[in-house]
Amino acid sequence: MYHLFKSIYLHATSKEEYSVLLLGLDNAGKTTLLEQIKAIYSPDHHPNLNTVPTVGQNVSLIDLPDCYLRIWDVGGQHSLRGLWQSYYGSAHAIVFVVDSSDVGDADIERLGKDGGSLEHEGRLGECKLVLEDVLQNEETEGVPVLVLANKQDREDCVEVVRIKEGLVRKVFEGEKGTNVRDSRVLPLSALTGTGVKEAVEWLCSRVKWNKEARPPVMR
Ligand SMILES: Nc1nc2c(ncn2[C@@H]2O[C@H](COP(=O)(O)OP(=O)(O)OP(=O)(O)O)[C@@H](O)[C@H]2O)c(=O)[nH]1
Ligand SMILES: [Mg+2]
């Protein structure tokens with residue numbers, strides 16, 4: 001009887017836990033985003049917005065009403081990207097953060113054309129290659145991907161629709177983005193916090209929707 005009550009109690013009090021992996025080039029805003037998520041969902045957390053480049057990882061457990069999100073923030077510097085794949089197998093969702101003020105006009109097809117100097121294209125080419133590489137890895141197959149067009153507070157940023165049509169759609173529909181998957185592109189300012197809740201809400205709904213393919217951990 002004790003064991004029966006104990007298992008009923010544990011079932012009633014435990015929640016599903018999903019892992020979310022934050023990826024993107026260095027300086028995209030991943031750590032700033034994690035700080036804002038912690039500030040919104042853990043009211044006693046004061047966000048540290050004076051971030052330094054991440055070497056290694058930051059991890060936080062976010063307690064939401066109906067599930068936990070364990071969020072992994074890893075370094076985006078070139079030399080650290082080789083470590084990302086060790087997180088893929090346990091990720092229930094991937095967030096790819098793009099610096100919208102550093103992708104030129106965000107149109108892949110114009111990369112290098114119109115005399116487009118590298119200066120004007122920002123890091124668009126690098127962003128494309130890195131996103132393709134993430135999508136192509138077999139361990140990310142079927143995992144929901146949220147692309148966040150960050151730094152929307154900056155005057156020199158590219159609108160979310162340009163990032164969606166000019167970069168994300170072309171990568172997802174290109175030959176290297178073959179796997180059909182749940183994806184979305186949303187605007188964000190990690191610095192001001194605008195768009196953070198919408199991003200977390202999308203993640204929650206999609207990890208649950210995909211839970212037969214990637215079951216949560218009970219906690
Ligand atoms: N204006 C503006 N600046 C931002 C925003 N998000 C991040 N930044 C700035 O961009 C810089 C890099 O932010 P981080 O969060 O450290 O970037 P990261 O993606 O974690 O970088 P790595 O750890 O090197 O991979 C910092 O100076 C942030 O203040 C934003 O939404 N708007
Ligand atoms: Mg960081």
# chains A, B, ... in the order shown; residues from 1 in each chain; ligands from 1
call {"tool": "closest_atom_pairs", "arguments": {"of": "chain A", "to": "ligand 2", "cutoff": "6 Å", "atoms": "only C-alpha atoms and all ligand atoms", "output": "tab-separated table"}}
result
residue	atom	partner	partner_atom_place_in_ligand_line	distance
A:Lys30	CA	ligand 2	1 (Mg)	5.3
A:Thr31	CA	ligand 2	1 (Mg)	4.1
A:Pro53	CA	ligand 2	1 (Mg)	4.9
A:Thr54	CA	ligand 2	1 (Mg)	4.0
A:Gly75	CA	ligand 2	1 (Mg)	5.3
call {"tool": "closest_atom_pairs", "arguments": {"of": "chain A", "to": "ligand 1", "cutoff": "7 Å", "atoms": "only C-alpha atoms and all ligand atoms", "output": "tab-separated table"}}
result
residue	atom	partner	partner_atom_place_in_ligand_line	distance
A:Gly24	CA	ligand 1	19 (O)	6.3
A:Leu25	CA	ligand 1	25 (O)	5.8
A:Asp26	CA	ligand 1	25 (O)	3.5
A:Asn27	CA	ligand 1	21 (O)	3.7
A:Ala28	CA	ligand 1	19 (O)	3.9
A:Gly29	CA	ligand 1	15 (O)	3.3
A:Lys30	CA	ligand 1	19 (O)	3.8
A:Thr31	CA	ligand 1	15 (O)	3.8
A:Thr32	CA	ligand 1	15 (O)	3.7
A:Leu33	CA	ligand 1	15 (O)	6.4
A:Leu49	CA	ligand 1	29 (O)	6.0
A:Asn50	CA	ligand 1	29 (O)	6.1
A:Thr51	CA	ligand 1	16 (O)	4.5
A:Val52	CA	ligand 1	16 (O)	5.2
A:Pro53	CA	ligand 1	24 (O)	3.7
A:Thr54	CA	ligand 1	23 (O)	3.5
A:Val55	CA	ligand 1	23 (O)	6.7
A:Val74	CA	ligand 1	25 (O)	6.5
A:Gly75	CA	ligand 1	25 (O)	3.9
A:Gly76	CA	ligand 1	25 (O)	3.4
A:Gln77	CA	ligand 1	24 (O)	5.4
A:Asn150	CA	ligand 1	31 (O)	5.2
A:Lys151	CA	ligand 1	31 (O)	3.4
A:Gln152	CA	ligand 1	31 (O)	6.1
A:Asp153	CA	ligand 1	32 (N)	5.6
A:Arg154	CA	ligand 1	1 (N)	5.3
A:Leu188	CA	ligand 1	31 (O)	6.4
A:Ser189	CA	ligand 1	31 (O)	3.4
A:Ala190	CA	ligand 1	31 (O)	3.8
A:Leu191	CA	ligand 1	31 (O)	4.0
A:Thr192	CA	ligand 1	31 (O)	6.4
call {"tool": "write_last_selection", "arguments": {"atoms": "N, CA and C atoms", "output": "mmCIF file, in the first residue's frame"}}
result
data_model
loop_
_atom_site.group_PDB
_atom_site.id
_atom_site.type_symbol
_atom_site.label_atom_id
_atom_site.label_comp_id
_atom_site.auth_asym_id
_atom_site.auth_seq_id
_atom_site.Cartn_x
_atom_site.Cartn_y
_atom_site.Cartn_z
ATOM 1 N N GLY A 24 24.354 29.183 -31.949
ATOM 2 C CA GLY A 24 24.478 30.398 -32.761
ATOM 3 C C GLY A 24 25.920 30.860 -32.727
ATOM 4 N N LEU A 25 26.265 31.750 -33.649
ATOM 5 C CA LEU A 25 27.648 32.245 -33.694
ATOM 6 C C LEU A 25 27.989 32.958 -32.392
ATOM 7 N N ASP A 26 29.261 33.120 -32.144
ATOM 8 C CA ASP A 26 29.710 33.913 -31.007
ATOM 9 C C ASP A 26 29.136 35.332 -31.145
ATOM 10 N N ASN A 27 28.812 35.937 -30.040
ATOM 11 C CA ASN A 27 28.288 37.312 -29.986
ATOM 12 C C ASN A 27 26.826 37.432 -30.438
ATOM 13 N N ALA A 28 26.154 36.298 -30.693
ATOM 14 C CA ALA A 28 24.768 36.356 -31.179
ATOM 15 C C ALA A 28 23.799 36.804 -30.085
ATOM 16 N N GLY A 29 24.106 36.462 -28.810
ATOM 17 C CA GLY A 29 23.215 36.858 -27.714
ATOM 18 C C GLY A 29 22.642 35.698 -26.917
ATOM 19 N N LYS A 30 23.247 34.536 -27.000
ATOM 20 C CA LYS A 30 22.720 33.337 -26.315
ATOM 21 C C LYS A 30 22.734 33.482 -24.791
ATOM 22 N N THR A 31 23.864 33.943 -24.254
ATOM 23 C CA THR A 31 23.967 34.042 -22.795
ATOM 24 C C THR A 31 23.041 35.140 -22.268
ATOM 25 N N THR A 32 22.924 36.226 -23.042
ATOM 26 C CA THR A 32 22.011 37.305 -22.656
ATOM 27 C C THR A 32 20.574 36.760 -22.622
ATOM 28 N N LEU A 33 20.233 35.963 -23.614
ATOM 29 C CA LEU A 33 18.898 35.362 -23.647
ATOM 30 C C LEU A 33 18.670 34.476 -22.424
ATOM 31 N N LEU A 49 23.561 41.250 -17.489
ATOM 32 C CA LEU A 49 23.583 41.510 -18.932
ATOM 33 C C LEU A 49 24.965 41.937 -19.421
ATOM 34 N N ASN A 50 25.918 41.981 -18.504
ATOM 35 C CA ASN A 50 27.308 42.238 -18.913
ATOM 36 C C ASN A 50 27.998 40.902 -19.142
ATOM 37 N N THR A 51 27.634 40.286 -20.248
ATOM 38 C CA THR A 51 28.138 38.935 -20.497
ATOM 39 C C THR A 51 29.573 38.977 -21.021
ATOM 40 N N VAL A 52 30.235 37.862 -20.879
ATOM 41 C CA VAL A 52 31.545 37.684 -21.513
ATOM 42 C C VAL A 52 31.410 36.454 -22.419
ATOM 43 N N PRO A 53 32.266 36.339 -23.435
ATOM 44 C CA PRO A 53 32.155 35.163 -24.317
ATOM 45 C C PRO A 53 32.185 33.866 -23.511
ATOM 46 N N THR A 54 31.280 32.975 -23.851
ATOM 47 C CA THR A 54 31.158 31.718 -23.106
ATOM 48 C C THR A 54 32.226 30.728 -23.564
ATOM 49 N N VAL A 55 32.936 30.208 -22.593
ATOM 50 C CA VAL A 55 33.898 29.149 -22.883
ATOM 51 C C VAL A 55 33.395 27.980 -22.054
ATOM 52 N N VAL A 74 25.828 27.209 -24.833
ATOM 53 C CA VAL A 74 27.217 26.826 -25.098
ATOM 54 C C VAL A 74 27.926 27.934 -25.864
ATOM 55 N N GLY A 75 29.239 27.907 -25.863
ATOM 56 C CA GLY A 75 30.024 28.938 -26.539
ATOM 57 C C GLY A 75 29.893 28.815 -28.050
ATOM 58 N N GLY A 76 29.776 29.964 -28.718
ATOM 59 C CA GLY A 76 29.608 29.946 -30.166
ATOM 60 C C GLY A 76 30.878 30.230 -30.952
ATOM 61 N N GLN A 77 31.990 30.453 -30.241
ATOM 62 C CA GLN A 77 33.233 30.726 -30.972
ATOM 63 C C GLN A 77 33.593 29.533 -31.857
ATOM 64 N N ASN A 150 17.744 38.008 -33.312
ATOM 65 C CA ASN A 150 18.030 38.800 -32.106
ATOM 66 C C ASN A 150 18.537 40.207 -32.450
ATOM 67 N N LYS A 151 18.595 41.022 -31.416
ATOM 68 C CA LYS A 151 19.075 42.421 -31.486
ATOM 69 C C LYS A 151 18.128 43.297 -32.304
ATOM 70 N N GLN A 152 16.816 42.975 -32.206
ATOM 71 C CA GLN A 152 15.823 43.756 -32.933
ATOM 72 C C GLN A 152 15.685 45.165 -32.372
ATOM 73 N N ASP A 153 16.310 45.444 -31.253
ATOM 74 C CA ASP A 153 16.286 46.804 -30.698
ATOM 75 C C ASP A 153 17.270 47.718 -31.422
ATOM 76 N N ARG A 154 18.173 47.155 -32.202
ATOM 77 C CA ARG A 154 19.202 47.981 -32.842
ATOM 78 C C ARG A 154 18.679 48.601 -34.133
ATOM 79 N N LEU A 188 13.485 38.915 -31.615
ATOM 80 C CA LEU A 188 13.895 38.944 -30.204
ATOM 81 C C LEU A 188 14.803 40.136 -29.944
ATOM 82 N N SER A 189 14.664 40.692 -28.753
ATOM 83 C CA SER A 189 15.737 41.530 -28.229
ATOM 84 C C SER A 189 16.085 40.936 -26.876
ATOM 85 N N ALA A 190 17.142 40.175 -26.853
ATOM 86 C CA ALA A 190 17.544 39.547 -25.592
ATOM 87 C C ALA A 190 17.927 40.621 -24.580
ATOM 88 N N LEU A 191 18.428 41.739 -25.096
ATOM 89 C CA LEU A 191 18.886 42.790 -24.184
ATOM 90 C C LEU A 191 17.720 43.433 -23.435
ATOM 91 N N THR A 192 16.625 43.721 -24.152
ATOM 92 C CA THR A 192 15.480 44.362 -23.491
ATOM 93 C C THR A 192 14.482 43.322 -22.957
#
call {"tool": "select_by_dssp", "arguments": {"residues": "stretch 111-156 of chain A", "states": "helix (DSSP H, G or I)", "output": "VMD selection string"}}
result
chain A and resid 118 to 121 124 to 136 138 to 140
call {"tool": "residues_around", "arguments": {"residues": "A:Ile163", "least_positions_apart": "6", "cutoff": "9 Å", "atoms": "only C-alpha atoms", "output": "list in words"}}
result
Val98, Ser100, Val103, Asp105, Ala106, Asp107, Ala149, Arg169 and Val185 of chain A
call {"tool": "select_by_dssp", "arguments": {"residues": "stretch 30-95 of chain A", "states": "strand (DSSP E or B)", "output": "VMD selection string"}}
result
chain A and resid 57 to 63 67 to 74 93 to 95
